[in-house]
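J.: So I've got this file, start-v2.cif, and it contains mmCIF, C-alpha atoms:
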data_protein
#
loop_
_atom_site.label_atom_id
_atom_site.label_comp_id
_atom_site.auth_asym_id
_atom_site.auth_seq_id
_atom_site.Cartn_x
_atom_site.Cartn_y
_atom_site.Cartn_z
CA MET A 3 33.23 -31.02 -12.78
CA LYS A 4 35.09 -34.28 -12.21
CA LYS A 5 31.86 -36.07 -11.39
CA LEU A 6 30.21 -34.70 -14.49
CA PHE A 7 33.15 -35.83 -16.57
CA LEU A 8 32.95 -39.35 -15.20
CA LEU A 9 29.24 -39.40 -15.83
CA TYR A 10 29.77 -38.50 -19.45
CA LEU A 11 32.35 -41.22 -19.77
CA THR A 12 30.03 -43.79 -18.29
CA LEU A 13 27.10 -42.74 -20.42
CA PHE A 14 28.69 -42.45 -23.77
CA SER A 15 31.74 -44.61 -23.91
CA PHE A 16 30.67 -48.20 -23.46
CA THR A 17 31.45 -49.07 -27.00
CA THR A 18 34.11 -47.19 -28.74
CA PHE A 19 35.51 -49.77 -31.12
CA ALA A 20 35.33 -49.21 -34.79
CA GLN A 21 32.35 -50.03 -36.90
CA ASP A 22 33.34 -47.91 -39.79
CA GLY A 23 36.78 -48.92 -40.87
CA PRO A 24 39.67 -51.20 -40.21
CA ARG A 25 41.08 -50.65 -36.79
CA THR A 26 43.53 -52.70 -34.92
CA ASP A 27 42.59 -51.62 -31.43
CA SER A 28 38.98 -52.73 -31.31
CA TYR A 29 39.32 -53.97 -27.78
CA ARG A 30 40.94 -50.93 -26.26
CA LYS A 31 39.91 -49.88 -22.81
CA TRP A 32 36.74 -47.83 -22.40
CA TYR A 33 38.59 -44.84 -21.05
CA ILE A 34 40.87 -44.43 -24.05
CA PRO A 35 39.58 -41.38 -25.96
CA ASP A 36 38.03 -41.83 -29.38
CA HIS A 37 39.31 -38.59 -30.81
CA MET A 38 41.19 -35.37 -30.18
CA LYS A 39 39.95 -31.88 -30.94
CA LEU A 40 41.71 -28.61 -31.47
CA GLN A 41 39.54 -25.53 -31.39
CA PHE A 42 40.07 -21.87 -32.18
CA ALA A 43 37.98 -19.33 -30.19
CA GLY A 44 34.49 -20.01 -28.83
CA ASN A 45 34.74 -18.26 -25.43
CA ILE A 46 36.80 -21.12 -23.96
CA GLY A 47 40.24 -19.89 -24.91
CA PHE A 48 42.01 -18.50 -27.95
CA MET A 49 43.06 -22.09 -28.63
CA SER A 50 41.79 -25.15 -26.84
CA GLY A 51 42.32 -28.83 -27.29
CA GLY A 52 41.80 -32.20 -25.70
CA PRO A 53 40.40 -35.68 -25.85
CA GLY A 54 36.84 -36.67 -26.54
CA TYR A 55 34.45 -39.56 -26.76
CA ILE A 56 31.70 -40.41 -29.18
CA SER A 57 28.50 -42.38 -28.67
CA ARG A 58 27.98 -45.75 -30.30
CA ASN A 59 25.73 -44.29 -32.99
CA LYS A 60 28.28 -41.53 -33.66
CA THR A 61 25.90 -38.65 -32.99
CA LEU A 62 26.93 -37.48 -29.55
CA GLU A 63 30.40 -36.23 -28.76
CA THR A 64 31.74 -35.33 -25.36
CA ASP A 65 34.98 -33.42 -25.20
CA VAL A 66 37.25 -32.13 -22.53
CA LEU A 67 39.16 -29.13 -23.79
CA PHE A 68 42.02 -27.36 -22.13
CA GLY A 69 42.05 -23.76 -23.30
CA PHE A 70 44.51 -20.92 -23.26
CA LEU A 71 43.96 -17.23 -23.90
CA PRO A 72 47.27 -15.40 -24.30
CA LYS A 73 47.61 -11.93 -22.79
CA LYS A 74 48.20 -10.55 -26.25
CA PHE A 75 44.63 -11.38 -27.30
CA GLY A 76 42.84 -11.34 -23.97
CA GLY A 77 44.36 -8.49 -22.03
CA ASP A 78 45.09 -11.14 -19.42
CA ALA A 79 46.38 -14.69 -19.81
CA LEU A 80 43.61 -17.12 -18.89
CA ILE A 81 43.41 -20.87 -18.61
CA THR A 82 40.11 -22.71 -18.89
CA LEU A 83 38.95 -26.30 -18.66
CA THR A 84 35.80 -27.03 -20.63
CA THR A 85 33.46 -29.97 -20.96
CA LYS A 86 31.33 -29.79 -24.06
CA VAL A 87 28.67 -32.06 -25.45
CA THR A 88 27.76 -31.84 -29.12
CA TYR A 89 24.85 -33.59 -30.81
CA SER A 90 24.99 -33.99 -34.60
CA PRO A 91 21.88 -36.01 -35.52
CA TRP A 92 22.42 -36.32 -39.27
CA ARG A 93 25.36 -37.38 -41.33
CA ILE A 94 25.30 -37.34 -45.12
CA HIS A 95 27.86 -39.53 -46.88
CA LEU A 96 28.88 -38.02 -50.16
CA LYS A 97 29.97 -40.02 -53.19
CA ASN A 98 33.61 -39.15 -52.65
CA SER A 99 35.27 -39.85 -49.34
CA TYR A 100 33.65 -36.87 -47.67
CA ASN A 101 30.74 -36.75 -45.28
CA VAL A 102 28.80 -33.82 -43.92
CA ALA A 103 27.02 -33.28 -40.62
CA PRO A 104 24.90 -30.28 -41.59
CA PHE A 105 23.67 -29.45 -38.12
CA SER A 106 25.14 -29.71 -34.66
CA ILE A 107 23.87 -28.35 -31.39
CA GLY A 108 25.69 -28.39 -28.11
CA PHE A 109 26.43 -26.87 -24.80
CA TYR A 110 29.46 -26.44 -22.62
CA SER A 111 30.51 -25.66 -19.12
CA SER A 112 33.86 -23.96 -18.73
CA HIS A 113 35.91 -23.29 -15.66
CA THR A 114 38.34 -20.38 -15.69
CA PHE A 115 41.22 -20.59 -13.28
CA GLY A 116 42.73 -17.78 -11.23
CA PRO A 117 42.34 -16.18 -7.81
CA GLN A 118 40.08 -13.49 -9.30
CA PHE A 119 37.54 -16.14 -10.37
CA ASP A 120 35.32 -17.93 -7.89
CA SER A 121 33.08 -20.93 -8.27
CA GLN A 122 31.72 -20.10 -4.83
CA TRP A 123 31.67 -16.56 -3.51
CA PRO A 124 33.75 -15.96 -0.36
CA GLU A 125 31.88 -15.90 2.94
CA TYR A 126 32.17 -12.12 3.31
CA TYR A 127 29.32 -11.71 0.84
CA PRO A 128 25.76 -12.20 2.07
CA LYS A 129 24.12 -15.24 0.47
CA GLY A 130 22.99 -14.47 -3.06
CA TYR A 131 24.76 -11.09 -3.16
CA TYR A 132 25.96 -11.92 -6.67
CA TRP A 133 23.90 -14.61 -8.38
CA TRP A 134 26.50 -15.96 -10.82
CA ALA A 135 29.88 -17.63 -10.32
CA THR A 136 32.73 -15.83 -12.06
CA ALA A 137 34.73 -19.02 -12.67
CA ILE A 138 31.98 -21.04 -14.34
CA ARG A 139 30.41 -20.13 -17.65
CA LEU A 140 27.66 -22.08 -19.38
CA GLY A 141 27.37 -21.69 -23.10
CA ALA A 142 25.53 -23.12 -26.08
CA TYR A 143 26.10 -23.21 -29.79
CA VAL A 144 24.97 -24.53 -33.14
CA GLY A 145 27.19 -25.48 -36.03
CA GLY A 146 28.11 -28.06 -38.56
CA LYS A 147 31.00 -30.13 -39.81
CA VAL A 148 32.56 -31.84 -42.73
CA GLY A 149 34.63 -35.00 -42.46
CA ARG A 150 36.86 -37.27 -44.48
CA LYS A 151 38.70 -40.54 -43.97
CA VAL A 152 42.41 -40.22 -44.47
CA LYS A 153 45.26 -42.63 -43.99
CA PHE A 154 47.52 -41.04 -41.44
CA ALA A 155 50.24 -42.58 -39.29
CA ASN A 156 49.52 -46.08 -40.61
CA LYS A 157 45.83 -45.91 -39.83
CA ILE A 158 42.67 -44.86 -41.59
CA ARG A 159 41.46 -41.99 -39.48
CA GLY A 160 38.50 -39.73 -39.63
CA PHE A 161 39.29 -36.05 -39.85
CA GLU A 162 36.65 -33.41 -39.38
CA ALA A 163 36.53 -29.66 -39.58
CA TYR A 164 33.73 -27.94 -37.71
CA TYR A 165 32.36 -24.50 -37.03
CA GLU A 166 30.20 -23.38 -34.16
CA VAL A 167 28.34 -20.15 -33.47
CA GLY A 168 27.50 -19.63 -29.84
CA THR A 169 27.20 -17.47 -26.79
CA TYR A 170 27.23 -17.89 -23.03
CA ASP A 171 24.96 -17.22 -20.08
CA LEU A 172 26.05 -13.68 -19.15
CA MET A 173 26.02 -12.44 -22.74
CA PHE A 174 22.67 -14.08 -23.41
CA ILE A 175 20.94 -12.46 -20.44
CA SER A 176 22.49 -9.10 -21.39
CA TYR A 177 21.00 -9.45 -24.85
CA LEU A 178 17.55 -10.51 -23.63
CA GLN A 179 17.25 -7.37 -21.54
CA ASN A 180 18.65 -4.99 -24.15
CA THR A 181 17.29 -5.92 -27.53
CA GLY A 182 17.36 -2.25 -28.52
CA PHE A 183 21.06 -1.60 -28.05
CA LEU A 184 22.36 -5.14 -28.58
CA LYS A 185 22.04 -7.12 -31.77
CA PRO A 186 22.40 -10.94 -31.85
CA ALA A 187 25.76 -10.46 -33.59
CA ASP A 188 26.99 -8.56 -30.50
CA ILE A 189 26.77 -11.66 -28.35
CA LEU A 190 27.49 -14.44 -30.85
CA SER A 191 30.95 -15.63 -31.66
CA LEU A 192 32.34 -18.04 -34.20
CA SER A 193 34.68 -20.86 -33.39
CA LEU A 194 36.46 -23.26 -35.72
CA GLY A 195 37.87 -26.65 -34.91
CA LEU A 196 39.50 -29.82 -36.10
CA LYS A 197 38.87 -33.34 -34.94
CA MET A 198 41.04 -36.38 -35.48
CA THR A 199 39.85 -39.89 -34.73
CA LEU A 200 42.44 -41.82 -32.76
CA MET B 26 39.67 -8.66 -25.01
CA ILE B 27 41.94 -5.88 -26.15
CA LEU B 28 40.93 -2.24 -25.68
CA LYS B 29 41.15 0.27 -28.50
CA ASP B 30 42.80 3.67 -28.15
CA ASP B 31 39.51 5.41 -27.43
CA GLU B 32 38.88 2.85 -24.68
CA ARG B 33 42.03 3.57 -22.71
CA ASN B 34 42.90 5.92 -19.86
CA LEU B 35 39.61 7.75 -20.32
CA ASN B 36 39.46 9.61 -17.01
CA VAL B 37 42.78 11.39 -17.58
CA LYS B 38 41.81 12.19 -21.16
CA ASN B 39 38.35 13.44 -20.22
CA VAL B 40 39.59 15.48 -17.25
CA ALA B 41 41.88 17.27 -19.72
CA LEU B 42 38.84 17.97 -21.93
CA ILE B 43 36.86 19.25 -18.93
CA GLN B 44 39.66 21.51 -17.76
CA ALA B 45 39.96 22.97 -21.24
CA LEU B 46 36.32 24.15 -21.04
CA PRO B 47 35.69 27.86 -20.34
CA GLN B 48 35.69 28.39 -16.56
CA LYS B 49 32.55 29.98 -15.18
CA ASP B 50 31.36 31.01 -11.71
CA THR B 51 28.73 28.31 -11.87
CA THR B 52 29.42 24.68 -12.79
CA ARG B 53 26.68 22.32 -13.91
CA PHE B 54 27.30 18.60 -14.17
CA ILE B 55 25.29 15.39 -14.27
CA LEU B 56 25.60 12.56 -11.75
CA MET B 57 24.36 9.21 -13.03
CA GLY B 58 25.33 5.64 -12.32
CA ASP B 59 24.66 1.92 -12.22
CA THR B 60 24.53 1.29 -15.95
CA GLN B 61 25.08 -2.41 -15.20
CA ARG B 62 23.18 -4.49 -17.77
CA TRP B 63 20.87 -1.57 -18.60
CA TYR B 64 22.17 -0.67 -22.03
CA ASP B 65 18.83 0.29 -23.54
CA GLU B 66 18.08 2.56 -20.57
CA SER B 67 21.62 4.00 -20.63
CA ALA B 68 21.13 4.93 -24.28
CA GLY B 69 17.93 6.65 -23.15
CA PHE B 70 19.91 8.52 -20.51
CA VAL B 71 22.34 9.84 -23.12
CA LYS B 72 19.45 11.18 -25.15
CA SER B 73 17.99 12.92 -22.09
CA ALA B 74 21.36 14.24 -20.89
CA ASN B 75 22.14 15.69 -24.30
CA SER B 76 18.96 17.76 -24.09
CA GLN B 77 20.09 19.45 -20.85
CA HIS B 78 21.65 22.90 -21.09
CA ASP B 79 24.97 24.28 -19.81
CA ILE B 80 26.30 20.90 -18.71
CA SER B 81 30.09 20.73 -18.47
CA PHE B 82 30.50 17.00 -17.87
CA VAL B 83 28.91 13.77 -16.67
CA VAL B 84 30.00 11.71 -13.67
CA HIS B 85 29.33 7.97 -13.71
CA ALA B 86 28.97 6.90 -10.06
CA GLY B 87 30.09 3.31 -10.67
CA ASP B 88 28.77 -0.15 -11.47
CA ILE B 89 29.60 0.51 -15.07
CA SER B 90 29.51 -3.24 -15.65
CA ASP B 91 27.41 -5.94 -14.04
CA PHE B 92 29.74 -8.95 -14.32
CA GLY B 93 33.11 -7.19 -14.56
CA LEU B 94 33.43 -8.27 -18.21
CA SER B 95 35.49 -6.16 -20.60
CA GLN B 96 32.71 -6.49 -23.18
CA GLU B 97 30.35 -4.72 -20.79
CA PHE B 98 32.78 -1.86 -20.19
CA LYS B 99 33.13 -1.49 -23.96
CA TRP B 100 29.39 -1.37 -24.51
CA VAL B 101 28.88 1.25 -21.80
CA ASN B 102 31.73 3.38 -23.15
CA GLN B 103 30.22 3.09 -26.61
CA ILE B 104 26.97 4.51 -25.22
CA MET B 105 28.63 7.22 -23.10
CA GLN B 106 30.69 8.38 -26.08
CA GLN B 107 27.41 9.56 -27.61
CA LEU B 108 27.21 12.22 -24.88
CA LYS B 109 27.86 15.81 -25.96
CA TYR B 110 30.02 16.12 -22.82
CA PRO B 111 33.11 14.38 -21.50
CA TYR B 112 32.41 11.83 -18.79
CA VAL B 113 34.44 10.61 -15.83
CA THR B 114 33.88 7.62 -13.57
CA VAL B 115 34.33 6.21 -10.09
CA ILE B 116 34.59 2.45 -9.61
CA GLY B 117 31.62 0.42 -8.32
CA ASN B 118 31.51 -2.96 -6.58
CA HIS B 119 30.35 -4.77 -9.73
CA ASP B 120 33.37 -3.37 -11.56
CA ILE B 121 35.61 -5.15 -9.06
CA VAL B 122 34.44 -8.74 -9.66
CA ALA B 123 36.42 -11.16 -11.86
CA ASN B 124 38.89 -9.22 -14.03
CA GLY B 125 36.90 -5.99 -13.67
CA PRO B 126 39.64 -4.05 -11.84
CA LEU B 127 42.13 -4.92 -14.58
CA VAL B 128 39.76 -3.61 -17.24
CA TYR B 129 38.74 -0.56 -15.19
CA LYS B 130 42.34 0.50 -14.62
CA LYS B 131 43.15 0.20 -18.30
CA MET B 132 40.00 1.85 -19.51
CA TYR B 133 39.52 4.57 -16.88
CA GLY B 134 42.64 4.73 -14.71
CA GLU B 135 43.23 5.16 -10.99
CA LEU B 136 40.59 4.04 -8.48
CA ASP B 137 41.18 7.18 -6.37
CA TYR B 138 41.80 10.48 -8.15
CA SER B 139 40.81 14.12 -8.14
CA PHE B 140 40.68 17.16 -10.38
CA GLU B 141 39.81 20.82 -10.10
CA PHE B 142 37.39 22.67 -12.27
CA GLY B 143 36.10 26.20 -11.66
CA ASN B 144 35.41 26.73 -7.98
CA ASN B 145 35.40 23.02 -7.29
CA LYS B 146 37.69 20.20 -6.36
CA PHE B 147 36.20 16.85 -7.37
CA ILE B 148 37.48 13.90 -5.38
CA PHE B 149 36.70 10.36 -6.56
CA ILE B 150 37.29 7.54 -4.11
CA ASN B 151 36.82 3.77 -4.14
CA THR B 152 34.44 2.96 -1.27
CA ASN B 153 33.60 -0.63 -2.23
CA SER B 154 34.91 -2.07 1.06
CA ARG B 155 33.11 -5.40 0.85
CA GLU B 156 35.01 -6.34 -2.31
CA TYR B 157 38.18 -6.24 -0.22
CA ASN B 158 36.72 -8.22 2.66
CA PHE B 159 36.56 -5.05 4.79
CA ASP B 160 40.33 -5.03 5.12
CA GLY B 161 40.44 -1.52 6.58
CA LEU B 162 42.22 -0.08 3.52
CA VAL B 163 39.15 0.76 1.42
CA PRO B 164 38.24 3.57 1.32
CA ASN B 165 41.73 5.03 1.56
CA LEU B 166 41.07 7.54 4.35
CA PRO B 167 44.62 8.99 4.59
CA TRP B 168 44.45 9.72 0.86
CA LEU B 169 41.03 11.36 1.28
CA GLN B 170 42.36 13.52 4.11
CA SER B 171 45.36 14.62 2.10
CA GLN B 172 43.15 15.49 -0.86
CA LEU B 173 40.88 17.63 1.30
CA LYS B 174 43.85 19.25 3.01
CA ASN B 175 45.50 20.09 -0.29
CA ASN B 176 42.92 22.70 -1.29
CA PRO B 177 44.65 26.08 -0.91
CA GLY B 178 41.96 27.95 -2.87
CA ASP B 179 39.25 26.66 -0.50
CA LYS B 180 37.28 25.36 -3.46
CA ASN B 181 34.06 23.41 -2.93
CA ALA B 182 35.27 19.91 -2.11
CA ILE B 183 32.90 17.44 -3.78
CA VAL B 184 33.59 13.85 -2.77
CA ILE B 185 32.04 11.30 -5.16
CA ALA B 186 31.99 7.54 -4.63
CA HIS B 187 29.90 4.48 -5.42
CA VAL B 188 28.92 3.04 -2.03
CA PRO B 189 27.68 5.64 0.49
CA PRO B 190 29.09 5.29 4.03
CA PHE B 191 25.71 4.39 5.54
CA ASP B 192 25.44 1.33 3.25
CA ALA B 193 26.21 -2.20 4.51
CA ASP B 194 28.82 -2.61 1.77
CA PHE B 195 30.89 0.25 3.24
CA ASP B 196 33.34 -0.87 5.94
CA PRO B 197 31.35 -0.37 9.17
CA LYS B 198 34.58 0.20 11.11
CA MET B 199 35.42 3.15 8.85
CA GLN B 200 32.01 4.76 8.50
CA GLU B 201 32.29 7.14 11.45
CA GLU B 202 35.80 8.23 10.61
CA TYR B 203 34.86 8.82 6.98
CA ALA B 204 31.89 10.99 7.96
CA ARG B 205 34.03 12.87 10.47
CA ILE B 206 36.67 13.64 7.84
CA LEU B 207 34.04 15.10 5.52
CA ALA B 208 32.25 17.06 8.26
CA SER B 209 35.43 18.57 9.64
CA ASP B 210 36.21 20.22 6.29
CA PRO B 211 34.19 23.42 5.83
CA ASN B 212 34.61 23.09 2.04
CA VAL B 213 32.50 19.92 2.03
CA LYS B 214 28.81 20.85 1.80
CA PHE B 215 27.48 17.76 0.07
CA THR B 216 28.77 14.42 -1.19
CA LEU B 217 27.51 12.16 -4.01
CA TYR B 218 26.99 8.39 -4.44
CA GLY B 219 25.31 5.65 -6.49
CA HIS B 220 24.82 1.98 -5.57
CA GLN B 221 21.45 2.16 -3.82
CA HIS B 222 19.40 2.48 -7.02
CA THR B 223 17.28 5.19 -5.48
CA PHE B 224 17.40 8.96 -4.98
CA LYS B 225 18.37 10.07 -1.51
CA ASN B 226 19.18 13.44 0.02
CA GLU B 227 19.77 13.37 3.74
CA GLU B 228 22.07 14.86 6.35
CA TYR B 229 22.84 11.34 7.60
CA TYR B 230 25.21 12.21 10.40
CA GLU B 231 23.61 15.53 11.45
CA ASP B 232 26.92 17.26 10.88
CA GLY B 233 26.05 19.70 8.12
CA VAL B 234 27.02 17.43 5.21
CA LYS B 235 24.25 16.35 2.81
CA TYR B 236 24.59 12.80 1.47
CA MET B 237 22.96 12.34 -1.90
CA THR B 238 22.56 9.26 -4.06
CA THR B 239 21.50 9.09 -7.67
CA THR B 240 19.34 6.25 -8.87
CA SER B 241 20.19 3.51 -11.37
CA MET B 242 19.76 3.51 -15.13
CA GLY B 243 17.20 0.75 -14.59
CA ALA B 244 15.12 3.29 -12.63
CA ARG B 245 15.73 5.84 -15.42
CA GLY B 246 16.89 8.79 -13.37
CA TYR B 247 19.87 11.05 -12.73
CA LEU B 248 20.87 14.24 -10.91
CA VAL B 249 21.80 17.61 -12.35
CA VAL B 250 24.12 19.36 -9.90
CA THR B 251 24.79 23.09 -10.05
CA THR B 252 27.52 24.53 -7.84
CA TRP B 253 28.88 28.01 -7.25
CA LYS B 254 31.16 29.52 -4.65
CA SER B 255 28.61 29.87 -1.89
CA GLY B 256 26.02 27.26 -2.74
CA TYR B 257 24.66 24.44 -4.80
CA ARG B 258 21.43 23.09 -6.21
CA VAL B 259 20.56 19.49 -7.09
CA GLU B 260 17.69 18.53 -9.39
CA ARG B 261 16.34 15.04 -9.97
CA VAL B 262 15.57 14.14 -13.55
CA GLU B 263 13.60 11.12 -14.75
CA PHE B 264 13.67 10.09 -18.37
#
Using structure tokens, write down the structure from this file.

T.:
Amino acid sequence: MKKLFLLYLTLFSFTTFAQDGPRTDSYRKWYIPDHMKLQFAGNIGFMSGGPGYISRNKTLETDVLFGFLPKKFGGDALITLTTKVTYSPWRIHLKNSYNVAPFSIGFYSSHTFGPQFDSQWPEYYPKGYYWWATAIRLGAYVGGKVGRKVKFANKIRGFEAYYEVGTYDLMFISYLQNTGFLKPADILSLSLGLKMTL
Amino acid sequence: MILKDDERNLNVKNVALIQALPQKDTTRFILMGDTQRWYDESAGFVKSANSQHDISFVVHAGDISDFGLSQEFKWVNQIMQQLKYPYVTVIGNHDIVANGPLVYKKMYGELDYSFEFGNNKFIFINTNSREYNFDGLVPNLPWLQSQLKNNPGDKNAIVIAHVPPFDADFDPKMQEEYARILASDPNVKFTLYGHQHTFKNEEYYEDGVKYMTTTSMGARGYLVVTTWKSGYRVERVEF
């Protein structure tokens, strides 16, 4: 997880200074995040949020989201840490201050914490007894977003609202094997989020 | 994920429905199990089960879910609610992974429980020892003994669990004692299990007790069990 995170940082964060607006911190350190995200739902917590980085050409985002599912909505309180990578190849700049990224595709890996979740099964199971790890979920999604530049806290910042429709490994395999009983809508879920450029 | 009212405490609710049925000398019930990730096949089972006659209830022998996810429990309950009969469950090893036990307890109730119907006492016991690292507490043998002992009407004692004692997932240190407890009770003639995804019917310990397993939903089969005071009959059905 940590290694993966560092890899993402190395790959995508060489150049994070602004090319699209006046910014005073053009020479900030490579590890300073480019943006923050706040997300509702999406199988990684009722609410999740955290820092993220964007590639030089502004198409590839990598986020680290800390998620929380309250007992009230989950039946159990759960905490997750998610790394997600989102690719939005096209951005359309509208005549007003808005811009639209009509299509995004991405994947995530989430880790759920708690003694009942394992990333490696204890040694009292024969090897391969259960083939999946309960703590780690891999998911994928498609979506889109709309953005606008706004002056906020003495800086012109980009704000974006996005939606994503996705599923994760265990739901996907359940669907593949039961296309009679399960409909795509049974395994897909909608998430909504906000992004603020730092 | 939050459970709805008709997804809560189902075993207690369904036992009440079963016990409200007219009592007859002969009881017929279905033993099925291992619905885990076989929703299409489980829906096929419901169709087949509903075409059987004189069935009082259905027993799910465990592995309701595959990954211990609440969504899976909900889907299986949705399917089982299409049965013409009430159904009761016993917990399987797959229902114990992740937050499975939390969901199972809310949706179905206790892991060990019993009820009487007609000439029978049905005893459901958690035998998924491996999930507890073979800690010597699962299955709960003192509880099993007390359940068998507390049978003043000498009803047929029918012990139902997920993992059969001769399986590697049953605590090997407890296997002999478990079999001895069953064999030493004259009211125990046969005992029922799931887990092995195959039909079996053998007197494993040569002690007069028949050990039977039903197959999985993936193998599209189940058992119809008929019991009366002095005997029983078990039929295998494939759908």

J.: Do you have the atom CA of B:Thr238-atom CA of B:Asp79 distance handy?

T.: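 Between atom CA of B:Thr238 and atom CA of B:Asp79 the gap is 21.9 Å.
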
J.: Could you tell me, as a VMD selection string, exactly which residues end up selected when the PyMOL selection byres ((chain B) within 6 of (chain A)) is applied to this structure?

T.: chain B and resid 26 to 27 62 64 to 65 123

J.: Excluding stretch 186-197 of chain B and any residue of its chain fewer than 2 positions from it, enumerate the residues within 10 Å of it, using all atoms listed in the file, and give them as a PDB file with C-alpha atoms, in the coordinates of the input.

T.:
ATOM      1  CA  TYR A 127      29.320 -11.710   0.840  1.00  0.00           C
TER       2      TYR A 127
ATOM      3  CA  GLY B  58      25.330   5.640 -12.320  1.00  0.00           C
ATOM      4  CA  ASP B  59      24.660   1.920 -12.220  1.00  0.00           C
ATOM      5  CA  HIS B  85      29.330   7.970 -13.710  1.00  0.00           C
ATOM      6  CA  ALA B  86      28.970   6.900 -10.060  1.00  0.00           C
ATOM      7  CA  GLY B  87      30.090   3.310 -10.670  1.00  0.00           C
ATOM      8  CA  ASP B  88      28.770  -0.150 -11.470  1.00  0.00           C
ATOM      9  CA  THR B 114      33.880   7.620 -13.570  1.00  0.00           C
ATOM     10  CA  VAL B 115      34.330   6.210 -10.090  1.00  0.00           C
ATOM     11  CA  ILE B 116      34.590   2.450  -9.610  1.00  0.00           C
ATOM     12  CA  GLY B 117      31.620   0.420  -8.320  1.00  0.00           C
ATOM     13  CA  ASN B 118      31.510  -2.960  -6.580  1.00  0.00           C
ATOM     14  CA  ASP B 137      41.180   7.180  -6.370  1.00  0.00           C
ATOM     15  CA  ILE B 148      37.480  13.900  -5.380  1.00  0.00           C
ATOM     16  CA  PHE B 149      36.700  10.360  -6.560  1.00  0.00           C
ATOM     17  CA  ILE B 150      37.290   7.540  -4.110  1.00  0.00           C
ATOM     18  CA  ASN B 151      36.820   3.770  -4.140  1.00  0.00           C
ATOM     19  CA  THR B 152      34.440   2.960  -1.270  1.00  0.00           C
ATOM     20  CA  ASN B 153      33.600  -0.630  -2.230  1.00  0.00           C
ATOM     21  CA  SER B 154      34.910  -2.070   1.060  1.00  0.00           C
ATOM     22  CA  ARG B 155      33.110  -5.400   0.850  1.00  0.00           C
ATOM     23  CA  GLU B 156      35.010  -6.340  -2.310  1.00  0.00           C
ATOM     24  CA  TYR B 157      38.180  -6.240  -0.220  1.00  0.00           C
ATOM     25  CA  ASN B 158      36.720  -8.220   2.660  1.00  0.00           C
ATOM     26  CA  PHE B 159      36.560  -5.050   4.790  1.00  0.00           C
ATOM     27  CA  ASP B 160      40.330  -5.030   5.120  1.00  0.00           C
ATOM     28  CA  GLY B 161      40.440  -1.520   6.580  1.00  0.00           C
ATOM     29  CA  LEU B 162      42.220  -0.080   3.520  1.00  0.00           C
ATOM     30  CA  VAL B 163      39.150   0.760   1.420  1.00  0.00           C
ATOM     31  CA  PRO B 164      38.240   3.570   1.320  1.00  0.00           C
ATOM     32  CA  ILE B 183      32.900  17.440  -3.780  1.00  0.00           C
ATOM     33  CA  VAL B 184      33.590  13.850  -2.770  1.00  0.00           C
ATOM     34  CA  MET B 199      35.420   3.150   8.850  1.00  0.00           C
ATOM     35  CA  GLN B 200      32.010   4.760   8.500  1.00  0.00           C
ATOM     36  CA  GLU B 201      32.290   7.140  11.450  1.00  0.00           C
ATOM     37  CA  GLU B 202      35.800   8.230  10.610  1.00  0.00           C
ATOM     38  CA  TYR B 203      34.860   8.820   6.980  1.00  0.00           C
ATOM     39  CA  ALA B 204      31.890  10.990   7.960  1.00  0.00           C
ATOM     40  CA  THR B 216      28.770  14.420  -1.190  1.00  0.00           C
ATOM     41  CA  LEU B 217      27.510  12.160  -4.010  1.00  0.00           C
ATOM     42  CA  TYR B 218      26.990   8.390  -4.440  1.00  0.00           C
ATOM     43  CA  GLY B 219      25.310   5.650  -6.490  1.00  0.00           C
ATOM     44  CA  HIS B 220      24.820   1.980  -5.570  1.00  0.00           C
ATOM     45  CA  GLN B 221      21.450   2.160  -3.820  1.00  0.00           C
ATOM     46  CA  TYR B 229      22.840  11.340   7.600  1.00  0.00           C
ATOM     47  CA  TYR B 230      25.210  12.210  10.400  1.00  0.00           C
ATOM     48  CA  TYR B 236      24.590  12.800   1.470  1.00  0.00           C
ATOM     49  CA  MET B 237      22.960  12.340  -1.900  1.00  0.00           C
ATOM     50  CA  THR B 238      22.560   9.260  -4.060  1.00  0.00           C
ATOM     51  CA  THR B 239      21.500   9.090  -7.670  1.00  0.00           C
TER      52      THR B 239
END

J.: Any idea what's packed within 8 Å of stretch 169-181 of chain B, counting all atoms listed in the file, ignoring anything in its chain fewer than 2 positions away? Could you give it as a ChimeraX atom specification?

T.: /B:139,144-146,148,150,165-167,183,206,210,212-214,254

J.: So which residues get picked by the PyMOL selection byres ((chain B and resi 111) around 10) here, written as a list in words?

T.: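 Written out, the selection comes to Leu35, Asn36, Lys38, Asn39, Val40, Ala41, Leu42, Ile43, Ile80, Ser81, Phe82, Val83, Val84, Met105, Gln106, Gln107, Leu108, Lys109, Tyr110, Tyr112 and Val113 of chain B.
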
J.: Return as number ranges by chain the set of residues that the PyMOL selection byres ((chain A and resi 170) around 10) yields on the displayed structure.

T.: A: 44-45, 109-112, 139-143, 168-169, 171-175, 189-191

J.: Pick out the closest residue to B:Lys49 from this set: B:Gly233, B:Glu227, B:Gly143, B:Phe215. Count only C-alpha atoms.

T.: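 Looking only at the distances to B:Lys49, the closest residue turns out to be B:Gly143.
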
J.: So that I can check the surroundings of A:Phe161, please list as a VMD selection string every protein, DNA and RNA residue that reaches within 6 Å of it, counting all atoms listed in the file and ignoring chain neighbours fewer than 2 positions away.

T.: chain A and resid 149 to 150 197 to 198

J.: With C-alpha atoms retained, export the selected residues as an mmCIF file, keeping the file's coordinate frame.

T.:
data_model
loop_
_atom_site.group_PDB
_atom_site.id
_atom_site.type_symbol
_atom_site.label_atom_id
_atom_site.label_comp_id
_atom_site.auth_asym_id
_atom_site.auth_seq_id
_atom_site.Cartn_x
_atom_site.Cartn_y
_atom_site.Cartn_z
ATOM 1 C CA GLY A 149 34.630 -35.000 -42.460
ATOM 2 C CA ARG A 150 36.860 -37.270 -44.480
ATOM 3 C CA LYS A 197 38.870 -33.340 -34.940
ATOM 4 C CA MET A 198 41.040 -36.380 -35.480
#
